[in-house]
Amino acid sequence: MGTSGRRRLLPVPLLTGALLLAGCSSGAAGPGTPPARTAPAPASSSALPSGVRAAACQVPLPAAWRAAFAAGEYRPPPGERAVLTETGPGWTALQLTGVAGRRAALVRRGETAPRTLLRLADPVEHQLLAADFDGRRWAAFAVLEGRSLDSPWSLYVWDATTGRSRRLARADRPGPLPHPVVHDGTVLWAQGTGSGKATVFAAPAGGGAPRAWHTGVLDSPFAAGGLLVWREAAGGGTRLTAVSLRDGRPAALPPPVAALRDLRSAVSDGTTWAWVAGESAPRLMVWRSGRARPTAAVTASPAVDGMDQLRVSGRLLTWRTPETSYGLDLDSGAYAEITPAYGYAQAAGGALALAYSAGEAKEAGARAVIQVVDADLLPGLPRCG
């Protein structure tokens, strides 16, 4: 499973492509709006693997959730348009564009003014692609230096104590798009290093040479509790690989997760793991610590049609389809459509962020909407039945 061009193991994220669309449109924010809505081919039902059961059903979005979303709407500074990039515990990363140019910005809980991480050199071509923040001092963020996904990108680290950013790395070879992780003063990421391979790097946020932790045909890593995890080609298929976030040494995955092969869109917060299984009949699979085996949580169309960009925070799991975004309450066993058409949602670190366009994105009167709420304070979705 080698790479060609800048092709990755995973399909191109819908968020990335939509972010680029948003950067080119005067009325779009969040993940943007495609010019026409087309229905994807519905997923067919199929028998589930032995020992795996389907658990969830779809329910209407409760009024209490709608009210919380409305109360959590983010209002950008006058004259600037906002695009949602990432959210986490007590922070949200945004791309803000106005007459003064384009900037990468961080909004922290309890603060009204966004902090500028970097003013982008090209306010048209450059796009804020991904970010992470440790909640205290260090933020890492990636800037795509063009409108296409095969453009070079640069990775920066920002120091909250000085308000300054410095470039940590630059990628101009084929490989995974960056999704940096900040942990205990260290920035971790993967980038293409040639011959169809990529390397997972770790670098001190405060300065120092990057260290190569692992090289292979792999995706961008993600943090899962005390582990750094990525999907990697192995033996004609793919599997998950893990190392310790502390020192990069190989680490064991939970047995039900270590046994997985050829999964897509894996995500975890350290206690809950989720992924997409199946091609012609996709299903959202979930395994939680203490459970004997995974559960096929969602199997019905249209919620599984083209599902991607899974995110998890505690009991809440979110994902996006070409049509909308959904949220699954793992405790109640129910899921709901949580954004309007083409909206994007992500749950992470106790936060839930939504982005969508109120009205047609490129028409007069359209308004970009970004809403951020405390996911732990949302009431449970109503149980099925």
# chains A, B, ... in the order shown; residues from 1 in each chain; ligands from 1
call {"tool": "closest_atom_pairs", "arguments": {"of": "range 169-232 of chain A", "to": "range 85-94 of chain A", "cutoff": "12 Å", "atoms": "only C-alpha atoms", "output": "JSON lines"}}
result
{"residue": "A:His179", "atom": "CA", "partner": "A:Glu86", "partner_atom": "CA", "distance": 10.1}
{"residue": "A:Pro180", "atom": "CA", "partner": "A:Glu86", "partner_atom": "CA", "distance": 11.1}
{"residue": "A:Val181", "atom": "CA", "partner": "A:Gly88", "partner_atom": "CA", "distance": 11.6}
{"residue": "A:Val182", "atom": "CA", "partner": "A:Gly88", "partner_atom": "CA", "distance": 11.7}
call {"tool": "residues_around", "arguments": {"residues": "range 282-286 of chain A", "least_positions_apart": "4", "cutoff": "6 Å", "atoms": "only C-alpha atoms", "output": "ChimeraX atom specification"}}
result
/A:273-278,294-299
call {"tool": "atom_distance", "arguments": {"atom1": "CA of Gln346 in chain A", "atom2": "CA of Val312 in chain A"}}
result
7.8 Å
call {"tool": "select_by_dssp", "arguments": {"residues": "range 83-264 of chain A", "states": "strand (DSSP E)", "output": "JSON, numbers by chain"}}
result
{"A": [83, 84, 85, 86, 87, 88, 91, 92, 93, 94, 95, 96, 97, 98, 101, 102, 103, 104, 105, 106, 107, 108, 115, 116, 117, 118, 119, 126, 127, 128, 129, 130, 131, 132, 133, 138, 139, 140, 141, 142, 143, 144, 145, 153, 154, 155, 156, 157, 158, 159, 164, 165, 166, 167, 168, 169, 170, 171, 181, 182, 183, 186, 187, 188, 189, 190, 191, 192, 193, 194, 197, 198, 199, 200, 201, 202, 203, 204, 211, 212, 213, 214, 215, 216, 222, 223, 224, 227, 228, 229, 230, 231, 232, 233, 234, 237, 238, 239, 240, 241, 242, 243, 244, 264]}
call {"tool": "residues_around", "arguments": {"residues": "Leu228 in chain A", "least_positions_apart": "6", "cutoff": "8 Å", "atoms": "only C-alpha atoms", "output": "JSON list (two decimals) with N, CA and C atoms, in the first residue's frame"}}
result
[["chain", "number", "residue", "atom", "x", "y", "z"],
["A", 221, "PRO", "N", -0.85, 10.09, 12.99],
["A", 221, "PRO", "CA", -1.16, 9.50, 14.29],
["A", 221, "PRO", "C", -2.17, 10.32, 15.08],
["A", 222, "PHE", "N", -2.77, 9.65, 16.07],
["A", 222, "PHE", "CA", -3.68, 10.34, 17.00],
["A", 222, "PHE", "C", -3.39, 9.85, 18.40],
["A", 242, "ALA", "N", 0.85, 1.19, 17.85],
["A", 242, "ALA", "CA", 0.87, 2.13, 18.97],
["A", 242, "ALA", "C", 2.26, 2.20, 19.58],
["A", 243, "VAL", "N", 2.59, 3.38, 20.06],
["A", 243, "VAL", "CA", 3.79, 3.61, 20.86],
["A", 243, "VAL", "C", 3.39, 4.44, 22.08],
["A", 244, "SER", "N", 4.26, 4.47, 23.06],
["A", 244, "SER", "CA", 4.01, 5.28, 24.24],
["A", 244, "SER", "C", 4.20, 6.76, 23.90],
["A", 245, "LEU", "N", 3.26, 7.58, 24.34],
["A", 245, "LEU", "CA", 3.41, 9.02, 24.14],
["A", 245, "LEU", "C", 4.59, 9.58, 24.93]]
call {"tool": "closest_residue", "arguments": {"among": "A:Thr116, A:Arg109, A:Asp331, A:Met307", "to": "Gly72 in chain A", "atoms": "only C-alpha atoms"}}
result
A:Arg109
call {"tool": "select_by_dssp", "arguments": {"residues": "range 150-306 of chain A", "states": "alpha helix (DSSP H)", "output": "VMD selection string"}}
result
chain A and resid 255 to 258
call {"tool": "atom_distance", "arguments": {"atom1": "CA of Tyr344 in chain A", "atom2": "CA of Leu84 in chain A"}}
result
9.0 Å
call {"tool": "closest_residue", "arguments": {"among": "A:Arg211, A:Thr238, A:Ser195, A:Leu218", "to": "Leu177 in chain A", "atoms": "only C-alpha atoms"}}
result
A:Leu218
call {"tool": "closest_residue", "arguments": {"among": "A:Gly185, A:Gly380, A:Pro210, A:Pro152", "to": "Asp172 in chain A", "atoms": "only C-alpha atoms"}}
result
A:Pro152
call {"tool": "atom_distance", "arguments": {"atom1": "CA of Ala190 in chain A", "atom2": "CA of Ala202 in chain A"}}
result
8.9 Å
call {"tool": "residues_around", "arguments": {"residues": "Gly235 in chain A", "least_positions_apart": "3", "cutoff": "12 Å", "atoms": "only C-alpha atoms", "output": "PyMOL selection string"}}
result
chain A and resi 1+217+232+238-239+261-262
call {"tool": "write_last_selection", "arguments": {"atoms": "N, CA, C and O atoms", "output": "compact mmCIF listing (two decimals), in the first residue's frame"}}
result
# COMPACT_ATOMS: atom_id res chain seq x y z
N MET A 1 0.83 -1.20 0.00
CA MET A 1 0.00 0.00 0.00
C MET A 1 0.86 1.24 0.00
O MET A 1 0.82 2.08 0.86
N VAL A 217 4.56 2.78 5.90
CA VAL A 217 3.46 3.29 5.08
C VAL A 217 2.29 3.50 6.04
O VAL A 217 1.63 2.54 6.45
N GLU A 232 -1.38 1.51 9.76
CA GLU A 232 -0.17 1.23 9.00
C GLU A 232 -0.37 0.00 8.11
O GLU A 232 -1.06 -0.94 8.48
N THR A 238 -3.99 -3.57 6.47
CA THR A 238 -3.65 -2.51 7.41
C THR A 238 -4.02 -2.93 8.83
O THR A 238 -4.92 -3.73 9.03
N ARG A 239 -3.32 -2.36 9.79
CA ARG A 239 -3.59 -2.60 11.20
C ARG A 239 -3.23 -1.34 11.97
O ARG A 239 -2.60 -0.43 11.43
N ARG A 261 -8.19 -5.51 11.57
CA ARG A 261 -7.49 -5.40 10.30
C ARG A 261 -8.37 -4.65 9.31
O ARG A 261 -9.60 -4.80 9.31
N ASP A 262 -7.71 -3.87 8.46
CA ASP A 262 -8.38 -3.19 7.33
C ASP A 262 -9.56 -2.34 7.77
O ASP A 262 -10.60 -2.30 7.11
call {"tool": "closest_residue", "arguments": {"among": "A:Pro62, A:Gly236, A:Gly226, A:Gly207", "to": "Arg249 in chain A", "atoms": "only C-alpha atoms"}}
result
A:Gly226
call {"tool": "decode", "arguments": {"residues": "range 120-152 of chain A", "atoms": "N, CA, C and O atoms", "output": "PDB file, in the first residue's frame"}}
result
ATOM      1  N   LEU A 120      -1.032  34.437   8.139  1.00  0.00           N
ATOM      2  CA  LEU A 120      -0.620  33.628   7.012  1.00  0.00           C
ATOM      3  C   LEU A 120      -0.051  34.509   5.904  1.00  0.00           C
ATOM      4  O   LEU A 120      -0.585  35.582   5.604  1.00  0.00           O
ATOM      5  N   ALA A 121       1.022  34.035   5.302  1.00  0.00           N
ATOM      6  CA  ALA A 121       1.735  34.844   4.312  1.00  0.00           C
ATOM      7  C   ALA A 121       0.896  35.119   3.085  1.00  0.00           C
ATOM      8  O   ALA A 121       0.983  36.200   2.499  1.00  0.00           O
ATOM      9  N   ASP A 122       0.071  34.161   2.679  1.00  0.00           N
ATOM     10  CA  ASP A 122      -0.787  34.333   1.507  1.00  0.00           C
ATOM     11  C   ASP A 122      -2.231  34.187   1.963  1.00  0.00           C
ATOM     12  O   ASP A 122      -2.671  33.084   2.297  1.00  0.00           O
ATOM     13  N   PRO A 123      -2.996  35.280   1.992  1.00  0.00           N
ATOM     14  CA  PRO A 123      -4.370  35.215   2.532  1.00  0.00           C
ATOM     15  C   PRO A 123      -5.361  34.523   1.613  1.00  0.00           C
ATOM     16  O   PRO A 123      -6.529  34.385   1.984  1.00  0.00           O
ATOM     17  N   VAL A 124      -4.932  34.086   0.448  1.00  0.00           N
ATOM     18  CA  VAL A 124      -5.814  33.376  -0.477  1.00  0.00           C
ATOM     19  C   VAL A 124      -5.424  31.907  -0.568  1.00  0.00           C
ATOM     20  O   VAL A 124      -6.261  31.014  -0.442  1.00  0.00           O
ATOM     21  N   GLU A 125      -4.142  31.633  -0.768  1.00  0.00           N
ATOM     22  CA  GLU A 125      -3.691  30.273  -0.990  1.00  0.00           C
ATOM     23  C   GLU A 125      -3.507  29.481   0.306  1.00  0.00           C
ATOM     24  O   GLU A 125      -3.766  28.283   0.346  1.00  0.00           O
ATOM     25  N   HIS A 126      -3.053  30.099   1.349  1.00  0.00           N
ATOM     26  CA  HIS A 126      -2.709  29.369   2.565  1.00  0.00           C
ATOM     27  C   HIS A 126      -3.952  29.101   3.417  1.00  0.00           C
ATOM     28  O   HIS A 126      -4.821  29.963   3.569  1.00  0.00           O
ATOM     29  N   GLN A 127      -4.007  27.890   3.970  1.00  0.00           N
ATOM     30  CA  GLN A 127      -5.168  27.456   4.736  1.00  0.00           C
ATOM     31  C   GLN A 127      -4.717  26.820   6.055  1.00  0.00           C
ATOM     32  O   GLN A 127      -3.780  26.015   6.076  1.00  0.00           O
ATOM     33  N   LEU A 128      -5.386  27.160   7.152  1.00  0.00           N
ATOM     34  CA  LEU A 128      -5.135  26.488   8.416  1.00  0.00           C
ATOM     35  C   LEU A 128      -5.762  25.105   8.353  1.00  0.00           C
ATOM     36  O   LEU A 128      -6.964  24.964   8.181  1.00  0.00           O
ATOM     37  N   LEU A 129      -4.926  24.080   8.505  1.00  0.00           N
ATOM     38  CA  LEU A 129      -5.359  22.721   8.216  1.00  0.00           C
ATOM     39  C   LEU A 129      -5.698  21.916   9.468  1.00  0.00           C
ATOM     40  O   LEU A 129      -6.657  21.142   9.486  1.00  0.00           O
ATOM     41  N   ALA A 130      -4.912  22.051  10.524  1.00  0.00           N
ATOM     42  CA  ALA A 130      -5.109  21.258  11.738  1.00  0.00           C
ATOM     43  C   ALA A 130      -4.392  21.939  12.893  1.00  0.00           C
ATOM     44  O   ALA A 130      -3.472  22.743  12.670  1.00  0.00           O
ATOM     45  N   ALA A 131      -4.792  21.609  14.121  1.00  0.00           N
ATOM     46  CA  ALA A 131      -4.171  22.229  15.297  1.00  0.00           C
ATOM     47  C   ALA A 131      -4.394  21.369  16.524  1.00  0.00           C
ATOM     48  O   ALA A 131      -5.335  20.570  16.592  1.00  0.00           O
ATOM     49  N   ASP A 132      -3.524  21.563  17.514  1.00  0.00           N
ATOM     50  CA  ASP A 132      -3.700  20.972  18.824  1.00  0.00           C
ATOM     51  C   ASP A 132      -3.108  21.920  19.856  1.00  0.00           C
ATOM     52  O   ASP A 132      -2.181  22.678  19.560  1.00  0.00           O
ATOM     53  N   PHE A 133      -3.649  21.902  21.069  1.00  0.00           N
ATOM     54  CA  PHE A 133      -3.221  22.798  22.130  1.00  0.00           C
ATOM     55  C   PHE A 133      -3.230  22.018  23.431  1.00  0.00           C
ATOM     56  O   PHE A 133      -4.166  21.250  23.694  1.00  0.00           O
ATOM     57  N   ASP A 134      -2.189  22.206  24.254  1.00  0.00           N
ATOM     58  CA  ASP A 134      -2.125  21.467  25.510  1.00  0.00           C
ATOM     59  C   ASP A 134      -2.931  22.117  26.626  1.00  0.00           C
ATOM     60  O   ASP A 134      -2.960  21.623  27.756  1.00  0.00           O
ATOM     61  N   GLY A 135      -3.592  23.218  26.321  1.00  0.00           N
ATOM     62  CA  GLY A 135      -4.430  23.895  27.304  1.00  0.00           C
ATOM     63  C   GLY A 135      -3.677  24.820  28.228  1.00  0.00           C
ATOM     64  O   GLY A 135      -4.290  25.512  29.042  1.00  0.00           O
ATOM     65  N   ARG A 136      -2.367  24.867  28.082  1.00  0.00           N
ATOM     66  CA  ARG A 136      -1.553  25.695  28.972  1.00  0.00           C
ATOM     67  C   ARG A 136      -0.617  26.613  28.175  1.00  0.00           C
ATOM     68  O   ARG A 136      -0.830  27.814  28.139  1.00  0.00           O
ATOM     69  N   ARG A 137       0.370  26.020  27.538  1.00  0.00           N
ATOM     70  CA  ARG A 137       1.401  26.839  26.912  1.00  0.00           C
ATOM     71  C   ARG A 137       1.585  26.608  25.417  1.00  0.00           C
ATOM     72  O   ARG A 137       1.710  27.566  24.669  1.00  0.00           O
ATOM     73  N   TRP A 138       1.584  25.356  24.987  1.00  0.00           N
ATOM     74  CA  TRP A 138       2.017  25.052  23.628  1.00  0.00           C
ATOM     75  C   TRP A 138       0.859  24.689  22.709  1.00  0.00           C
ATOM     76  O   TRP A 138       0.010  23.872  23.063  1.00  0.00           O
ATOM     77  N   ALA A 139       0.855  25.302  21.535  1.00  0.00           N
ATOM     78  CA  ALA A 139      -0.061  24.920  20.457  1.00  0.00           C
ATOM     79  C   ALA A 139       0.767  24.566  19.238  1.00  0.00           C
ATOM     80  O   ALA A 139       1.792  25.202  18.959  1.00  0.00           O
ATOM     81  N   ALA A 140       0.341  23.562  18.505  1.00  0.00           N
ATOM     82  CA  ALA A 140       0.966  23.207  17.231  1.00  0.00           C
ATOM     83  C   ALA A 140      -0.109  23.270  16.162  1.00  0.00           C
ATOM     84  O   ALA A 140      -1.257  22.863  16.393  1.00  0.00           O
ATOM     85  N   PHE A 141       0.243  23.775  15.006  1.00  0.00           N
ATOM     86  CA  PHE A 141      -0.749  23.896  13.938  1.00  0.00           C
ATOM     87  C   PHE A 141      -0.074  23.784  12.579  1.00  0.00           C
ATOM     88  O   PHE A 141       1.115  24.094  12.422  1.00  0.00           O
ATOM     89  N   ALA A 142      -0.831  23.314  11.600  1.00  0.00           N
ATOM     90  CA  ALA A 142      -0.314  23.083  10.250  1.00  0.00           C
ATOM     91  C   ALA A 142      -1.006  24.007   9.268  1.00  0.00           C
ATOM     92  O   ALA A 142      -2.215  24.220   9.339  1.00  0.00           O
ATOM     93  N   VAL A 143      -0.225  24.538   8.343  1.00  0.00           N
ATOM     94  CA  VAL A 143      -0.728  25.434   7.308  1.00  0.00           C
ATOM     95  C   VAL A 143      -0.459  24.809   5.940  1.00  0.00           C
ATOM     96  O   VAL A 143       0.697  24.519   5.601  1.00  0.00           O
ATOM     97  N   LEU A 144      -1.517  24.576   5.184  1.00  0.00           N
ATOM     98  CA  LEU A 144      -1.398  24.083   3.820  1.00  0.00           C
ATOM     99  C   LEU A 144      -1.086  25.264   2.910  1.00  0.00           C
ATOM    100  O   LEU A 144      -1.811  26.259   2.908  1.00  0.00           O
ATOM    101  N   GLU A 145      -0.031  25.158   2.126  1.00  0.00           N
ATOM    102  CA  GLU A 145       0.458  26.290   1.349  1.00  0.00           C
ATOM    103  C   GLU A 145      -0.061  26.253  -0.084  1.00  0.00           C
ATOM    104  O   GLU A 145       0.697  26.387  -1.050  1.00  0.00           O
ATOM    105  N   GLY A 146      -1.343  26.044  -0.232  1.00  0.00           N
ATOM    106  CA  GLY A 146      -1.969  26.005  -1.541  1.00  0.00           C
ATOM    107  C   GLY A 146      -3.393  25.515  -1.408  1.00  0.00           C
ATOM    108  O   GLY A 146      -3.828  25.063  -0.338  1.00  0.00           O
ATOM    109  N   ARG A 147      -4.146  25.568  -2.507  1.00  0.00           N
ATOM    110  CA  ARG A 147      -5.552  25.176  -2.461  1.00  0.00           C
ATOM    111  C   ARG A 147      -5.774  23.698  -2.730  1.00  0.00           C
ATOM    112  O   ARG A 147      -6.888  23.200  -2.560  1.00  0.00           O
ATOM    113  N   SER A 148      -4.762  22.990  -3.186  1.00  0.00           N
ATOM    114  CA  SER A 148      -4.912  21.568  -3.465  1.00  0.00           C
ATOM    115  C   SER A 148      -4.207  20.755  -2.396  1.00  0.00           C
ATOM    116  O   SER A 148      -3.258  21.214  -1.749  1.00  0.00           O
ATOM    117  N   LEU A 149      -4.658  19.520  -2.228  1.00  0.00           N
ATOM    118  CA  LEU A 149      -4.151  18.684  -1.149  1.00  0.00           C
ATOM    119  C   LEU A 149      -2.744  18.154  -1.403  1.00  0.00           C
ATOM    120  O   LEU A 149      -2.138  17.569  -0.511  1.00  0.00           O
ATOM    121  N   ASP A 150      -2.222  18.343  -2.622  1.00  0.00           N
ATOM    122  CA  ASP A 150      -0.839  17.945  -2.876  1.00  0.00           C
ATOM    123  C   ASP A 150       0.128  19.114  -2.698  1.00  0.00           C
ATOM    124  O   ASP A 150       1.303  19.014  -3.023  1.00  0.00           O
ATOM    125  N   SER A 151      -0.357  20.217  -2.129  1.00  0.00           N
ATOM    126  CA  SER A 151       0.501  21.374  -1.862  1.00  0.00           C
ATOM    127  C   SER A 151       1.409  21.088  -0.669  1.00  0.00           C
ATOM    128  O   SER A 151       1.075  20.299   0.213  1.00  0.00           O
ATOM    129  N   PRO A 152       2.561  21.726  -0.597  1.00  0.00           N
ATOM    130  CA  PRO A 152       3.400  21.605   0.599  1.00  0.00           C
ATOM    131  C   PRO A 152       2.668  22.166   1.819  1.00  0.00           C
ATOM    132  O   PRO A 152       1.730  22.957   1.696  1.00  0.00           O
TER     133      PRO A 152
END
